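**Student:** The structure under discussion is supplied below as structure tokens; questions concerning it will follow.
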Amino acid sequence: MAREEFLAQSDKPLESARWAAVIDNVGGKILGKALKQVKYGGAIAAVGNAAGIGLETNVLPFILRGVTLSGIDSVMQPYAARIAAWERIAKYFDPAAYGGLVEEVGLADLPEAANRILAGQVRGRVIVPLV
């Protein structure tokens, strides 16, 4: 679903429950919208703020659905904790399923790729090989 389509949906204080859990690396309006759509007892892991640091929401997802919002600090984590997390992910990760969601760009193409990311035109990851 495109970012514009996701944000254009109804903006009620609490929306139809769609997600059991969400990992959000965008922040801003996207995070607020996702909170309103998480199912009862669900959780959101906020890992980034590419679209802003504001949080546009209300308390209903927390009170009526028991939603948990957790901030994930990937910057200050000790090295051993990072390695343990990557090892857990590696047990369940299927690289073949992820392949179509990775785009490599050269350093010269990075400004254009960044503009596409900020415009919500990228699905998956953009990688800049430095070697």
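Simple scheme: letters A, B, ... for chains in structure tokens order, numbers from 1 for residues in each chain, numbers from 1 for ligands in the order shown.
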Extract, using only C-alpha atoms, all DNA, RNA and protein residues at most 8 Å from stretch 24-40 of chain A, discarding same-chain residues fewer than 4 positions from it, and format them as a ChimeraX atom specification.

**Tutor:** /A:3,7,11,13-20,44-57,60-61,64-67

**Student:** Using the selection just defined, write its residues with N, CA, C and O atoms as a short mmCIF file (atom, residue, chain, number, x, y, z; two decimals), in the first residue's frame.

**Tutor:**
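The new file out_3.cif reads:
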data_model
loop_
_atom_site.label_atom_id
_atom_site.label_comp_id
_atom_site.auth_asym_id
_atom_site.auth_seq_id
_atom_site.Cartn_x
_atom_site.Cartn_y
_atom_site.Cartn_z
N ARG A 3 2.12 5.06 0.69
CA ARG A 3 2.03 5.92 1.88
C ARG A 3 0.82 6.84 1.81
O ARG A 3 0.09 7.00 2.79
N LEU A 7 -2.32 6.94 4.50
CA LEU A 7 -2.67 8.14 5.27
C LEU A 7 -4.02 8.71 4.89
O LEU A 7 -4.64 9.40 5.69
N ASP A 11 -9.65 8.95 9.44
CA ASP A 11 -8.79 9.40 10.53
C ASP A 11 -9.59 9.46 11.83
O ASP A 11 -9.63 10.48 12.51
N PRO A 13 -10.48 8.39 15.81
CA PRO A 13 -9.60 8.22 16.97
C PRO A 13 -9.09 6.79 17.13
O PRO A 13 -8.01 6.56 17.64
N LEU A 14 -9.89 5.80 16.66
CA LEU A 14 -9.49 4.40 16.68
C LEU A 14 -10.08 3.78 15.41
O LEU A 14 -11.26 3.95 15.13
N GLU A 15 -9.24 3.09 14.64
CA GLU A 15 -9.69 2.56 13.36
C GLU A 15 -9.81 1.04 13.41
O GLU A 15 -9.47 0.42 14.42
N SER A 16 -10.29 0.44 12.34
CA SER A 16 -10.41 -1.01 12.27
C SER A 16 -9.06 -1.66 12.54
O SER A 16 -8.04 -1.22 12.00
N ALA A 17 -9.07 -2.69 13.37
CA ALA A 17 -7.83 -3.38 13.72
C ALA A 17 -7.34 -4.19 12.53
O ALA A 17 -8.06 -5.04 12.01
N ARG A 18 -6.10 -3.93 12.09
CA ARG A 18 -5.55 -4.60 10.92
C ARG A 18 -4.26 -5.35 11.22
O ARG A 18 -3.93 -6.31 10.54
N TRP A 19 -3.48 -4.90 12.17
CA TRP A 19 -2.12 -5.40 12.37
C TRP A 19 -1.97 -6.03 13.76
O TRP A 19 -2.35 -5.44 14.75
N ALA A 20 -1.35 -7.19 13.82
CA ALA A 20 -1.03 -7.80 15.12
C ALA A 20 0.19 -7.11 15.71
O ALA A 20 0.30 -6.94 16.92
N ILE A 44 3.90 -2.24 18.73
CA ILE A 44 4.64 -1.52 17.70
C ILE A 44 6.05 -1.29 18.22
O ILE A 44 6.24 -0.84 19.34
N ALA A 45 7.02 -1.58 17.36
CA ALA A 45 8.41 -1.27 17.65
C ALA A 45 8.78 -0.08 16.79
O ALA A 45 8.76 -0.17 15.56
N ALA A 46 9.08 1.05 17.41
CA ALA A 46 9.49 2.25 16.69
C ALA A 46 11.01 2.25 16.60
O ALA A 46 11.69 2.28 17.62
N VAL A 47 11.52 2.19 15.37
CA VAL A 47 12.97 2.07 15.19
C VAL A 47 13.58 3.23 14.40
O VAL A 47 14.78 3.24 14.18
N GLY A 48 12.77 4.17 13.96
CA GLY A 48 13.32 5.28 13.19
C GLY A 48 12.38 6.45 13.13
O GLY A 48 11.26 6.40 13.62
N ASN A 49 12.85 7.53 12.53
CA ASN A 49 12.05 8.75 12.46
C ASN A 49 12.28 9.50 11.16
O ASN A 49 12.38 10.72 11.15
N ALA A 50 12.33 8.77 10.04
CA ALA A 50 12.58 9.38 8.74
C ALA A 50 11.54 10.43 8.37
O ALA A 50 11.85 11.41 7.70
N ALA A 51 10.30 10.27 8.83
CA ALA A 51 9.23 11.22 8.49
C ALA A 51 8.97 12.23 9.60
O ALA A 51 8.07 13.04 9.48
N GLY A 52 9.73 12.17 10.67
CA GLY A 52 9.56 13.15 11.74
C GLY A 52 9.54 12.52 13.11
O GLY A 52 9.35 11.31 13.26
N ILE A 53 9.70 13.38 14.12
CA ILE A 53 9.75 12.90 15.50
C ILE A 53 8.44 13.10 16.24
O ILE A 53 8.30 12.68 17.38
N GLY A 54 7.47 13.71 15.59
CA GLY A 54 6.18 13.92 16.23
C GLY A 54 5.39 12.63 16.33
O GLY A 54 5.61 11.68 15.58
N LEU A 55 4.47 12.59 17.29
CA LEU A 55 3.59 11.44 17.46
C LEU A 55 2.16 11.94 17.50
O LEU A 55 1.71 12.47 18.52
N GLU A 56 1.44 11.79 16.38
CA GLU A 56 0.07 12.27 16.27
C GLU A 56 -0.89 11.13 16.55
O GLU A 56 -1.19 10.33 15.68
N THR A 57 -1.35 11.04 17.79
CA THR A 57 -2.28 9.98 18.16
C THR A 57 -3.04 10.39 19.41
O THR A 57 -3.00 11.55 19.82
N LEU A 60 -6.48 6.12 23.05
CA LEU A 60 -7.39 4.99 22.84
C LEU A 60 -6.70 3.67 22.47
O LEU A 60 -7.08 2.63 22.99
N PRO A 61 -5.69 3.67 21.57
CA PRO A 61 -5.05 2.38 21.29
C PRO A 61 -4.44 1.74 22.54
O PRO A 61 -4.44 0.52 22.68
N LEU A 64 -7.96 1.11 25.20
CA LEU A 64 -9.00 0.20 24.74
C LEU A 64 -8.48 -1.09 24.11
O LEU A 64 -9.18 -2.09 24.10
N ARG A 65 -7.26 -1.05 23.57
CA ARG A 65 -6.72 -2.24 22.91
C ARG A 65 -5.47 -2.78 23.60
O ARG A 65 -4.97 -3.82 23.21
N GLY A 66 -4.96 -2.09 24.58
CA GLY A 66 -3.77 -2.57 25.27
C GLY A 66 -2.54 -2.64 24.38
O GLY A 66 -1.68 -3.50 24.56
N VAL A 67 -2.45 -1.73 23.43
CA VAL A 67 -1.32 -1.72 22.50
C VAL A 67 -0.06 -1.27 23.23
O VAL A 67 -0.10 -0.37 24.07
#

**Student:** Between atom CA of A:Ala21 and atom CA of A:Val128, what distance in Å does the model show, to one decimal?

**Tutor:**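 Atom CA of A:Ala21 sits 28.9 Å away from atom CA of A:Val128.
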
**Student:** If we count only C-alpha atoms and set the cut-off at 7 Å, which residues sit around stretch 99-110 of chain A, ignoring sequence neighbours fewer than 6 positions away in its own chain? Please answer as number ranges by chain.

**Tutor:** A: 123-129
